[in-house]
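Visitor: Handing you this structure, nothing more for now.
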Amino acid sequence: MPFKSVLSIGVLAAAALVSASASADQLDDIKQRGELVCGTLGTSQPFSFQNASTRELIGYDIDFCKLVADKIGVRVNYKLLSVAARVPELNESRVDILAANLGYSPDRAEQIAFSNRYYVSPQKLLVRADSGLTTIEQLNGRRVGATKGSSSEREIKARLTDSQVIGYSDSSAAYLALQQKKVDGQFASELVLARLVIQSPPTAPVTIMEKSVFDEAWGLGMRKSEPRFIETVNKILDDAEKSGDAAKIFEKWFGPETPYKLKRSFVIGPIAG
């Protein structure tokens, strides 16, 4: 066979391989392996945490990951991540999707894709009841604790510019620092702080400031290079809103029969909407 013909066949074969690779995408890969790998925290009640008796992972984020997996038609495998590891683990393809208290921000949206919002979290400040602190402005210039690597840490630095913001491994560590008077306030989502208030001993009460610093929309995290998967996940969320399934998940974890007794004040929709 002439050299030019061999070369042509090689070029065509290489082009075919490139074309096949380009046509395959994450959604196809997930269906082929029969598994959706969901990155979650596992330490954030009631979003993702272990059942005390069965050690099974349960929570709001867990139910939404299972909803996505069920609608795609695959099983779900949960991978526990730290807050700081969420985006790197996703972009390194070690997880398919994040359901991990992931607040939207323009900076973070440059790194990953967000689904439509599936939760909206008022971000508030927690202080010791005997501190005399009642307003957000009073904490400017003081020490404030937040979870290291979280959007809460970043946002409170930007909003309380004179404060010293100290990052801790998780909300429990920040709360301990508050009780030990290493910080004057703790910044986190209202729900995280409500849980800490419930758990606070009578001898060391804490209180949540009524006014929120800002309201944060949360989305499921995905890689920006997978538009078909992103579209599929958003359709699943939109359908769950229309069917009432999304509201049922909310009521299960935050409604009147739970310790939190929160009212659902949002609908699933565009995260910047």
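By order in the structure tokens, chains are A, B, ...; within a chain, residues start at 1; ligands start at 1, following the order shown.
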Write out as a PDB file with C-alpha atoms, in the first residue's frame the residues lying within 6 Å of stretch 56-60 of chain A, counting only C-alpha atoms and excluding same-chain residues fewer than 6 positions away.

Guide:
ATOM      1  CA  PRO A  46     -29.629  18.224  58.515  1.00  0.00           C
ATOM      2  CA  PHE A  47     -28.041  18.447  55.043  1.00  0.00           C
ATOM      3  CA  SER A  48     -25.762  15.409  55.151  1.00  0.00           C
ATOM      4  CA  PHE A  49     -24.947  13.463  58.288  1.00  0.00           C
ATOM      5  CA  GLN A  50     -24.894   9.947  59.714  1.00  0.00           C
TER       6      GLN A  50
END

Visitor: Report as a PyMOL selection string all protein, DNA and RNA residues lying within 10 Å of A:Ser151, evaluated on only C-alpha atoms, omitting residues in the same chain fewer than 6 positions from it.

Guide: chain A and resi 83+101-105+107-108+157+188+216

Visitor: Using the selection just defined, write its residues with N, CA and C atoms as a PDB file, in the first residue's frame.

Guide:
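After the write, result.pdb holds the following:
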ATOM      1  N   VAL A  83     -14.923  20.914  53.300  1.00  0.00           N
ATOM      2  CA  VAL A  83     -15.397  22.115  52.604  1.00  0.00           C
ATOM      3  C   VAL A  83     -14.383  22.577  51.562  1.00  0.00           C
ATOM      4  N   ASN A 101     -23.646  21.966  50.674  1.00  0.00           N
ATOM      5  CA  ASN A 101     -23.760  23.332  51.218  1.00  0.00           C
ATOM      6  C   ASN A 101     -23.047  24.344  50.329  1.00  0.00           C
ATOM      7  N   LEU A 102     -23.244  24.227  49.033  1.00  0.00           N
ATOM      8  CA  LEU A 102     -22.450  24.979  48.069  1.00  0.00           C
ATOM      9  C   LEU A 102     -23.153  26.286  47.693  1.00  0.00           C
ATOM     10  N   GLY A 103     -22.712  27.382  48.328  1.00  0.00           N
ATOM     11  CA  GLY A 103     -23.313  28.675  48.052  1.00  0.00           C
ATOM     12  C   GLY A 103     -22.792  29.281  46.763  1.00  0.00           C
ATOM     13  N   TYR A 104     -23.702  29.927  46.037  1.00  0.00           N
ATOM     14  CA  TYR A 104     -23.318  30.567  44.770  1.00  0.00           C
ATOM     15  C   TYR A 104     -22.542  31.851  45.019  1.00  0.00           C
ATOM     16  N   SER A 105     -21.504  32.049  44.229  1.00  0.00           N
ATOM     17  CA  SER A 105     -20.810  33.332  44.159  1.00  0.00           C
ATOM     18  C   SER A 105     -20.243  33.459  42.751  1.00  0.00           C
ATOM     19  N   ASP A 107     -17.314  34.372  41.818  1.00  0.00           N
ATOM     20  CA  ASP A 107     -15.961  33.799  41.774  1.00  0.00           C
ATOM     21  C   ASP A 107     -16.019  32.282  41.651  1.00  0.00           C
ATOM     22  N   ARG A 108     -16.869  31.665  42.460  1.00  0.00           N
ATOM     23  CA  ARG A 108     -16.975  30.203  42.415  1.00  0.00           C
ATOM     24  C   ARG A 108     -17.579  29.740  41.093  1.00  0.00           C
ATOM     25  N   LYS A 157     -15.467  38.385  55.401  1.00  0.00           N
ATOM     26  CA  LYS A 157     -14.252  39.198  55.253  1.00  0.00           C
ATOM     27  C   LYS A 157     -14.534  40.431  54.407  1.00  0.00           C
ATOM     28  N   ALA A 188     -22.343  31.963  59.821  1.00  0.00           N
ATOM     29  CA  ALA A 188     -22.715  30.747  59.086  1.00  0.00           C
ATOM     30  C   ALA A 188     -24.158  30.880  58.641  1.00  0.00           C
ATOM     31  N   GLU A 216     -28.091  33.610  50.771  1.00  0.00           N
ATOM     32  CA  GLU A 216     -27.244  32.864  49.839  1.00  0.00           C
ATOM     33  C   GLU A 216     -28.016  31.733  49.163  1.00  0.00           C
TER      34      GLU A 216
END

Visitor: Excluding A:Arg75 and any residue of its chain fewer than 4 positions from it, enumerate the residues within 7 Å of it, using only C-alpha atoms, and give them as a list in words.

Guide: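 Those residues are Gly34, Glu35, Leu36, Ala69 and Asp70 of chain A.
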
Visitor: Compile the contact shell of A:Ala272 as a list in words: residues with an atom at most 10 Å away, counting only C-alpha atoms, same-chain residues fewer than 2 positions apart removed.

Guide: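 After dropping sequence-adjacent residues, the list is Tyr104, Ser105, Pro106, Asn116, Arg117, Ala217, Gly269 and Pro270 of chain A.
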
Visitor: For A:Val233, list every protein, DNA or RNA residue within 9 Å, evaluated using only C-alpha atoms, and leave out those in the same chain fewer than 3 positions away; present the list as number ranges by chain.

Guide: A: 68, 72, 115-116, 220, 228-230, 236-238

Visitor: For A:Leu176, which residue among A:Leu196, A:Leu191, A:Ile271, A:Leu80 is the nearest when counting only C-alpha atoms?

Guide: A:Leu196

Visitor: Nearest residue to A:Lys235 out of A:Leu67, A:Tyr168, A:Phe214, A:Arg159, using only C-alpha atoms?

Guide: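 Closest to A:Lys235 of all the choices is A:Leu67.
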
Visitor: Mind giving me the straight-line distance from atom CA of A:Val267 to atom CA of A:Glu155 in Å, one decimal?

Guide: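 According to the coordinates, atom CA of A:Val267 and atom CA of A:Glu155 are separated by 23.9 Å.
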
Visitor: Tell me which protein, DNA and RNA residues are within 6 Å of stretch 130-147 of chain A, counting only C-alpha atoms, leaving out same-chain ones fewer than 6 positions away, and put them as a list of chain:residue names.

Guide: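 Everything that qualifies: A:Glu153, A:Leu160, A:Asp162, A:Ser163, A:Gln164, A:Val165, A:Ile166, A:Gly167, A:Tyr168, A:Ser169, A:Asp170, A:Ser171, A:Ala174, A:Val183, A:Asp184, A:Gly185, A:Gln186, A:Phe187.
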
Visitor: Step one, run DSSP on the backbone; step two, keep only residues of stretch 63-144 of chain A assigned to strand (DSSP E); then write them as an NGL selection string.

Guide: :A and (75-80 or 97-98 or 113-128 or 143-144)

Visitor: Could you tell me, as a VMD selection string, which residues of stretch 1-244 of chain A DSSP assigns to helix (DSSP H, G or I) when given the backbone?

Guide: chain A and resid 3 to 23 26 to 33 60 to 72 86 to 91 106 to 109 137 to 139 151 to 159 171 to 179 190 to 199 227 to 243

Visitor: Between A:Phe250, A:Tyr78, A:Trp218, A:Phe266, which residue has the minimum interatomic distance to A:Gln123, considering only C-alpha atoms?

Guide: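 Of A:Phe250, A:Tyr78, A:Trp218, A:Phe266, the one nearest A:Gln123, counting only C-alpha atoms, is A:Trp218.
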
Visitor: Determine, counting only C-alpha atoms, which protein, DNA and RNA residues have an atom within 6 Å of an atom of stretch 197-212 of chain A; residues of the same chain fewer than 2 positions away are not included. Present the result as a list in words.

Guide: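 The residues satisfying every condition are Pro122, Gln123, Lys124, Leu125, Leu126, Val127, Arg128, Ala129, Ala194, Arg195 and Phe214 of chain A.
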
Visitor: Go ahead and compute the interatomic distance for atom CA of A:Ile97 and atom CA of A:Lys79, in Å to one decimal.

Guide: 10.1 Å
